[in-house]
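J.: Mind having a look at this structure? Questions to follow.
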Amino acid sequence: MGLNFIATFQDADYTRRYLEKGKCFVLSDGKKLIGTVFYYTKMWDDAPEIFKDKDTVLFGKFAVLPELQGLGLGSRLLDFIEAHARENGKSRIVLDTSEKADHLIDYYEKRGYKYVHHWQWPEVNYRSVVMSKELT
């Protein structure tokens, strides 16, 4: 799609520093990593205000190996991260993705996420869609 999602080119040092911002949960088949989702506990200053709300948590770095997509693994990861947010007293969960990633936006909408606003990160070549879901 020509999108430069940071997760597709970040190096090991970037990843190590990034891990200081929260918790990374992984899905494994016992031999290799097959999925990941990141739960942010620290926010950077120039992030959208909705990401900083004390009742809200951001998730990102969400991925499943392409050859294993469509098996419900991503849904299991999101079920887990949404439950983790609830267990940690959060009432809303947010994300951002490229406005060009229609397949991802559709996926999140089917899971109950709603459009909030657009956002432009300086490191990427696309405008993001910020979406949120109330955790009830």
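Chain identifiers are assigned as A, B, and so on, following the order in which chains appear in the structure tokens; residues are numbered from 1 within each chain, and ligands are numbered from 1 in order of appearance.
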Applying 9 Å and only C-alpha atoms, which residues near A:Met43 remain after dropping the ones on its own chain fewer than 6 positions away? List them as a list in words.
T.: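 Here the qualifying residues turn out to be Lys21, Gly22, Phe51, Lys52 and Leu58 of chain A.
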J.: Using only C-alpha atoms, please write the residues we just selected to a file, as a tab-separated table (two decimals), in the first residue's frame.
T.:
```tsv
chain	number	residue	atom	x	y	z
A	21	LYS	CA	6.20	3.25	26.98
A	22	GLY	CA	4.11	0.27	28.01
A	51	PHE	CA	-4.64	9.48	24.18
A	52	LYS	CA	-3.78	11.30	27.43
A	58	LEU	CA	-4.03	3.47	23.59
```
J.: Could you pull out all residues of chain A with a DSSP call of alpha helix (DSSP H) and give them as a ChimeraX atom specification?
T.: /A:12-18,49-52,73-87,102-110
J.: Show which residues sit within 10 Å of A:Val94, as a PyMOL selection string. Count only C-alpha atoms, and ignore same-chain residues fewer than 4 positions away.
T.: chain A and resi 50-51+56-60+113-116+130-134
J.: Write the selection just made, keeping C-alpha atoms, as a compact mmCIF listing (two decimals), in the first residue's frame?
T.:
```txt
# COMPACT_ATOMS: atom_id res chain seq x y z
CA ILE A 50 -7.69 11.75 23.73
CA PHE A 51 -4.64 9.48 24.18
CA THR A 56 -8.40 6.02 28.26
CA VAL A 57 -5.66 3.73 27.01
CA LEU A 58 -4.03 3.47 23.59
CA PHE A 59 -3.11 0.22 21.91
CA GLY A 60 -0.93 -0.20 18.85
CA TYR A 113 -14.63 1.42 17.31
CA LYS A 114 -15.81 4.84 16.16
CA TYR A 115 -14.05 7.63 14.28
CA VAL A 116 -12.85 10.50 16.52
CA VAL A 130 -8.05 8.10 15.50
CA MET A 131 -10.77 5.68 16.67
CA SER A 132 -12.16 4.88 20.11
CA LYS A 133 -14.35 2.29 21.80
CA GLU A 134 -16.19 2.60 25.09
```
J.: Would you kindly return, as a list in words, each protein, DNA or RNA residue with an atom no farther than 9 Å from any atom of A:Ile81, considering only C-alpha atoms and excluding same-chain residues fewer than 6 positions away?
T.: Phe25, Val37, Phe38, Tyr39 and Phe59 of chain A
J.: Let's have the selection written as a PDB file, in the first residue's frame, with N, CA and C atoms.
T.:
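Written output follows (part28.pdb):
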```pdb
ATOM      1  N   PHE A  25       2.386  -7.411  24.440  1.00  0.00           N
ATOM      2  CA  PHE A  25       1.873  -8.769  24.586  1.00  0.00           C
ATOM      3  C   PHE A  25       2.054  -9.487  23.261  1.00  0.00           C
ATOM      4  N   VAL A  37       0.555  -7.083  20.242  1.00  0.00           N
ATOM      5  CA  VAL A  37      -0.240  -5.886  20.509  1.00  0.00           C
ATOM      6  C   VAL A  37       0.442  -5.151  21.666  1.00  0.00           C
ATOM      7  N   PHE A  38       0.476  -3.824  21.569  1.00  0.00           N
ATOM      8  CA  PHE A  38       1.158  -2.998  22.555  1.00  0.00           C
ATOM      9  C   PHE A  38       0.142  -2.175  23.330  1.00  0.00           C
ATOM     10  N   TYR A  39       0.285  -2.172  24.657  1.00  0.00           N
ATOM     11  CA  TYR A  39      -0.591  -1.453  25.573  1.00  0.00           C
ATOM     12  C   TYR A  39       0.222  -0.312  26.175  1.00  0.00           C
ATOM     13  N   PHE A  59      -3.832   1.432  22.316  1.00  0.00           N
ATOM     14  CA  PHE A  59      -3.113   0.224  21.915  1.00  0.00           C
ATOM     15  C   PHE A  59      -2.579   0.437  20.509  1.00  0.00           C
TER      16      PHE A  59
END
```
J.: Taking only C-alpha atoms into account, which of A:Tyr107, A:Val124, A:Gly112, A:Cys24 comes nearest A:Gly72?
T.: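 Of all the options, A:Tyr107 lies closest to A:Gly72.
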J.: Taking only C-alpha atoms into account, which of A:Thr136, A:Gln120, A:Thr15, A:Asn125 comes nearest A:Ile93?
T.: A:Thr136
J.: Which of these residues is nearest to A:Asp102, using only C-alpha atoms: A:Tyr14, A:Ala85, A:Glu123, A:Val129?
T.: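 Nearest candidate to A:Asp102 out of A:Tyr14, A:Ala85, A:Glu123, A:Val129: A:Val129.
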J.: Among chain A, which residues carry a DSSP assignment of strand (DSSP E or B), reported as a PDB file with N, CA and C atoms, in the first residue's frame?
T.:
```
ATOM      1  N   GLY A  22       5.237   1.110  27.647  1.00  0.00           N
ATOM      2  CA  GLY A  22       4.107   0.267  28.010  1.00  0.00           C
ATOM      3  C   GLY A  22       4.462  -1.195  28.071  1.00  0.00           C
ATOM      4  N   LYS A  23       3.471  -2.006  27.702  1.00  0.00           N
ATOM      5  CA  LYS A  23       3.612  -3.455  27.768  1.00  0.00           C
ATOM      6  C   LYS A  23       3.333  -4.041  26.387  1.00  0.00           C
ATOM      7  N   CYS A  24       4.182  -4.929  25.972  1.00  0.00           N
ATOM      8  CA  CYS A  24       3.971  -5.622  24.699  1.00  0.00           C
ATOM      9  C   CYS A  24       3.513  -7.042  24.997  1.00  0.00           C
ATOM     10  N   PHE A  25       2.386  -7.411  24.440  1.00  0.00           N
ATOM     11  CA  PHE A  25       1.873  -8.769  24.586  1.00  0.00           C
ATOM     12  C   PHE A  25       2.054  -9.487  23.261  1.00  0.00           C
ATOM     13  N   VAL A  26       2.498 -10.722  23.339  1.00  0.00           N
ATOM     14  CA  VAL A  26       2.764 -11.479  22.124  1.00  0.00           C
ATOM     15  C   VAL A  26       1.957 -12.773  22.119  1.00  0.00           C
ATOM     16  N   LEU A  27       1.686 -13.219  20.924  1.00  0.00           N
ATOM     17  CA  LEU A  27       1.027 -14.494  20.701  1.00  0.00           C
ATOM     18  C   LEU A  27       2.058 -15.385  20.019  1.00  0.00           C
ATOM     19  N   SER A  28       2.227 -16.583  20.547  1.00  0.00           N
ATOM     20  CA  SER A  28       3.242 -17.492  20.027  1.00  0.00           C
ATOM     21  C   SER A  28       2.612 -18.846  19.759  1.00  0.00           C
ATOM     22  N   LEU A  33       7.027 -16.164  17.193  1.00  0.00           N
ATOM     23  CA  LEU A  33       6.083 -15.074  17.409  1.00  0.00           C
ATOM     24  C   LEU A  33       5.113 -15.034  16.230  1.00  0.00           C
ATOM     25  N   ILE A  34       3.803 -15.013  16.523  1.00  0.00           N
ATOM     26  CA  ILE A  34       2.827 -14.962  15.439  1.00  0.00           C
ATOM     27  C   ILE A  34       1.899 -13.748  15.516  1.00  0.00           C
ATOM     28  N   GLY A  35       1.922 -13.040  16.655  1.00  0.00           N
ATOM     29  CA  GLY A  35       1.096 -11.856  16.789  1.00  0.00           C
ATOM     30  C   GLY A  35       1.596 -10.982  17.910  1.00  0.00           C
ATOM     31  N   THR A  36       1.202  -9.709  17.865  1.00  0.00           N
ATOM     32  CA  THR A  36       1.624  -8.767  18.885  1.00  0.00           C
ATOM     33  C   THR A  36       0.604  -7.645  19.034  1.00  0.00           C
ATOM     34  N   VAL A  37       0.555  -7.083  20.242  1.00  0.00           N
ATOM     35  CA  VAL A  37      -0.240  -5.886  20.509  1.00  0.00           C
ATOM     36  C   VAL A  37       0.442  -5.151  21.666  1.00  0.00           C
ATOM     37  N   PHE A  38       0.476  -3.824  21.569  1.00  0.00           N
ATOM     38  CA  PHE A  38       1.158  -2.998  22.555  1.00  0.00           C
ATOM     39  C   PHE A  38       0.142  -2.175  23.330  1.00  0.00           C
ATOM     40  N   TYR A  39       0.285  -2.172  24.657  1.00  0.00           N
ATOM     41  CA  TYR A  39      -0.591  -1.453  25.573  1.00  0.00           C
ATOM     42  C   TYR A  39       0.222  -0.312  26.175  1.00  0.00           C
ATOM     43  N   TYR A  40      -0.150   0.913  25.849  1.00  0.00           N
ATOM     44  CA  TYR A  40       0.627   2.071  26.270  1.00  0.00           C
ATOM     45  C   TYR A  40       0.317   2.460  27.712  1.00  0.00           C
ATOM     46  N   THR A  56      -8.589   6.540  29.608  1.00  0.00           N
ATOM     47  CA  THR A  56      -8.397   6.020  28.256  1.00  0.00           C
ATOM     48  C   THR A  56      -7.030   5.368  28.134  1.00  0.00           C
ATOM     49  N   VAL A  57      -6.949   4.344  27.316  1.00  0.00           N
ATOM     50  CA  VAL A  57      -5.656   3.732  27.006  1.00  0.00           C
ATOM     51  C   VAL A  57      -5.555   3.536  25.490  1.00  0.00           C
ATOM     52  N   LEU A  58      -4.346   3.669  25.011  1.00  0.00           N
ATOM     53  CA  LEU A  58      -4.034   3.471  23.595  1.00  0.00           C
ATOM     54  C   LEU A  58      -3.439   2.092  23.398  1.00  0.00           C
ATOM     55  N   PHE A  59      -3.832   1.432  22.316  1.00  0.00           N
ATOM     56  CA  PHE A  59      -3.113   0.224  21.915  1.00  0.00           C
ATOM     57  C   PHE A  59      -2.579   0.437  20.509  1.00  0.00           C
ATOM     58  N   GLY A  60      -1.539  -0.297  20.170  1.00  0.00           N
ATOM     59  CA  GLY A  60      -0.930  -0.200  18.845  1.00  0.00           C
ATOM     60  C   GLY A  60      -0.003  -1.364  18.595  1.00  0.00           C
ATOM     61  N   LYS A  61       0.808  -1.223  17.553  1.00  0.00           N
ATOM     62  CA  LYS A  61       1.738  -2.292  17.166  1.00  0.00           C
ATOM     63  C   LYS A  61       0.998  -3.631  17.107  1.00  0.00           C
ATOM     64  N   PHE A  62      -0.216  -3.567  16.601  1.00  0.00           N
ATOM     65  CA  PHE A  62      -1.094  -4.736  16.522  1.00  0.00           C
ATOM     66  C   PHE A  62      -0.866  -5.434  15.186  1.00  0.00           C
ATOM     67  N   ALA A  63      -0.498  -6.710  15.253  1.00  0.00           N
ATOM     68  CA  ALA A  63      -0.211  -7.438  14.018  1.00  0.00           C
ATOM     69  C   ALA A  63      -0.322  -8.940  14.242  1.00  0.00           C
ATOM     70  N   VAL A  64      -0.652  -9.621  13.166  1.00  0.00           N
ATOM     71  CA  VAL A  64      -0.633 -11.078  13.099  1.00  0.00           C
ATOM     72  C   VAL A  64       0.081 -11.428  11.801  1.00  0.00           C
ATOM     73  N   ARG A  92     -12.269   3.540  28.230  1.00  0.00           N
ATOM     74  CA  ARG A  92     -12.215   3.741  26.776  1.00  0.00           C
ATOM     75  C   ARG A  92     -10.855   3.281  26.266  1.00  0.00           C
ATOM     76  N   ILE A  93     -10.859   2.717  25.070  1.00  0.00           N
ATOM     77  CA  ILE A  93      -9.626   2.289  24.416  1.00  0.00           C
ATOM     78  C   ILE A  93      -9.559   2.967  23.057  1.00  0.00           C
ATOM     79  N   VAL A  94      -8.376   3.417  22.674  1.00  0.00           N
ATOM     80  CA  VAL A  94      -8.211   4.157  21.421  1.00  0.00           C
ATOM     81  C   VAL A  94      -7.082   3.560  20.588  1.00  0.00           C
ATOM     82  N   LEU A  95      -7.092   3.922  19.319  1.00  0.00           N
ATOM     83  CA  LEU A  95      -6.075   3.479  18.373  1.00  0.00           C
ATOM     84  C   LEU A  95      -5.946   4.523  17.290  1.00  0.00           C
ATOM     85  N   ASP A  96      -4.897   4.392  16.499  1.00  0.00           N
ATOM     86  CA  ASP A  96      -4.836   5.159  15.263  1.00  0.00           C
ATOM     87  C   ASP A  96      -4.246   4.283  14.176  1.00  0.00           C
ATOM     88  N   THR A  97      -4.687   4.524  12.963  1.00  0.00           N
ATOM     89  CA  THR A  97      -4.191   3.800  11.802  1.00  0.00           C
ATOM     90  C   THR A  97      -4.299   4.714  10.586  1.00  0.00           C
ATOM     91  N   SER A  98      -3.679   4.339   9.518  1.00  0.00           N
ATOM     92  CA  SER A  98      -3.719   5.162   8.308  1.00  0.00           C
ATOM     93  C   SER A  98      -5.141   5.295   7.774  1.00  0.00           C
ATOM     94  N   LYS A 114     -15.210   3.716  16.879  1.00  0.00           N
ATOM     95  CA  LYS A 114     -15.811   4.843  16.158  1.00  0.00           C
ATOM     96  C   LYS A 114     -14.748   5.884  15.829  1.00  0.00           C
ATOM     97  N   TYR A 115     -14.937   6.546  14.708  1.00  0.00           N
ATOM     98  CA  TYR A 115     -14.055   7.633  14.279  1.00  0.00           C
ATOM     99  C   TYR A 115     -14.116   8.782  15.286  1.00  0.00           C
ATOM    100  N   VAL A 116     -12.935   9.333  15.637  1.00  0.00           N
ATOM    101  CA  VAL A 116     -12.851  10.498  16.522  1.00  0.00           C
ATOM    102  C   VAL A 116     -12.371  11.709  15.731  1.00  0.00           C
ATOM    103  N   HIS A 117     -11.205  11.597  15.113  1.00  0.00           N
ATOM    104  CA  HIS A 117     -10.649  12.675  14.291  1.00  0.00           C
ATOM    105  C   HIS A 117      -9.420  12.163  13.548  1.00  0.00           C
ATOM    106  N   HIS A 118      -8.877  13.012  12.699  1.00  0.00           N
ATOM    107  CA  HIS A 118      -7.637  12.687  11.989  1.00  0.00           C
ATOM    108  C   HIS A 118      -6.444  13.230  12.778  1.00  0.00           C
ATOM    109  N   TRP A 119      -5.282  12.660  12.502  1.00  0.00           N
ATOM    110  CA  TRP A 119      -4.051  13.096  13.159  1.00  0.00           C
ATOM    111  C   TRP A 119      -2.883  12.871  12.200  1.00  0.00           C
ATOM    112  N   SER A 128      -3.424   9.827   9.908  1.00  0.00           N
ATOM    113  CA  SER A 128      -4.055   8.779  10.699  1.00  0.00           C
ATOM    114  C   SER A 128      -5.506   9.080  10.991  1.00  0.00           C
ATOM    115  N   VAL A 129      -6.259   8.023  11.197  1.00  0.00           N
ATOM    116  CA  VAL A 129      -7.620   8.083  11.720  1.00  0.00           C
ATOM    117  C   VAL A 129      -7.514   7.631  13.171  1.00  0.00           C
ATOM    118  N   VAL A 130      -7.988   8.449  14.087  1.00  0.00           N
ATOM    119  CA  VAL A 130      -8.047   8.097  15.499  1.00  0.00           C
ATOM    120  C   VAL A 130      -9.442   7.523  15.753  1.00  0.00           C
ATOM    121  N   MET A 131      -9.499   6.358  16.394  1.00  0.00           N
ATOM    122  CA  MET A 131     -10.769   5.681  16.673  1.00  0.00           C
ATOM    123  C   MET A 131     -10.816   5.310  18.148  1.00  0.00           C
ATOM    124  N   SER A 132     -12.022   5.252  18.703  1.00  0.00           N
ATOM    125  CA  SER A 132     -12.162   4.878  20.111  1.00  0.00           C
ATOM    126  C   SER A 132     -13.340   3.918  20.300  1.00  0.00           C
ATOM    127  N   LYS A 133     -13.285   3.232  21.425  1.00  0.00           N
ATOM    128  CA  LYS A 133     -14.354   2.295  21.801  1.00  0.00           C
ATOM    129  C   LYS A 133     -14.577   2.439  23.304  1.00  0.00           C
ATOM    130  N   GLU A 134     -15.837   2.575  23.682  1.00  0.00           N
ATOM    131  CA  GLU A 134     -16.188   2.605  25.093  1.00  0.00           C
ATOM    132  C   GLU A 134     -16.162   1.166  25.600  1.00  0.00           C
TER     133      GLU A 134
END
```
J.: Hey, can you check how far atom CA of A:Tyr18 sits from atom CA of A:Trp44?
T.: 11.0 Å
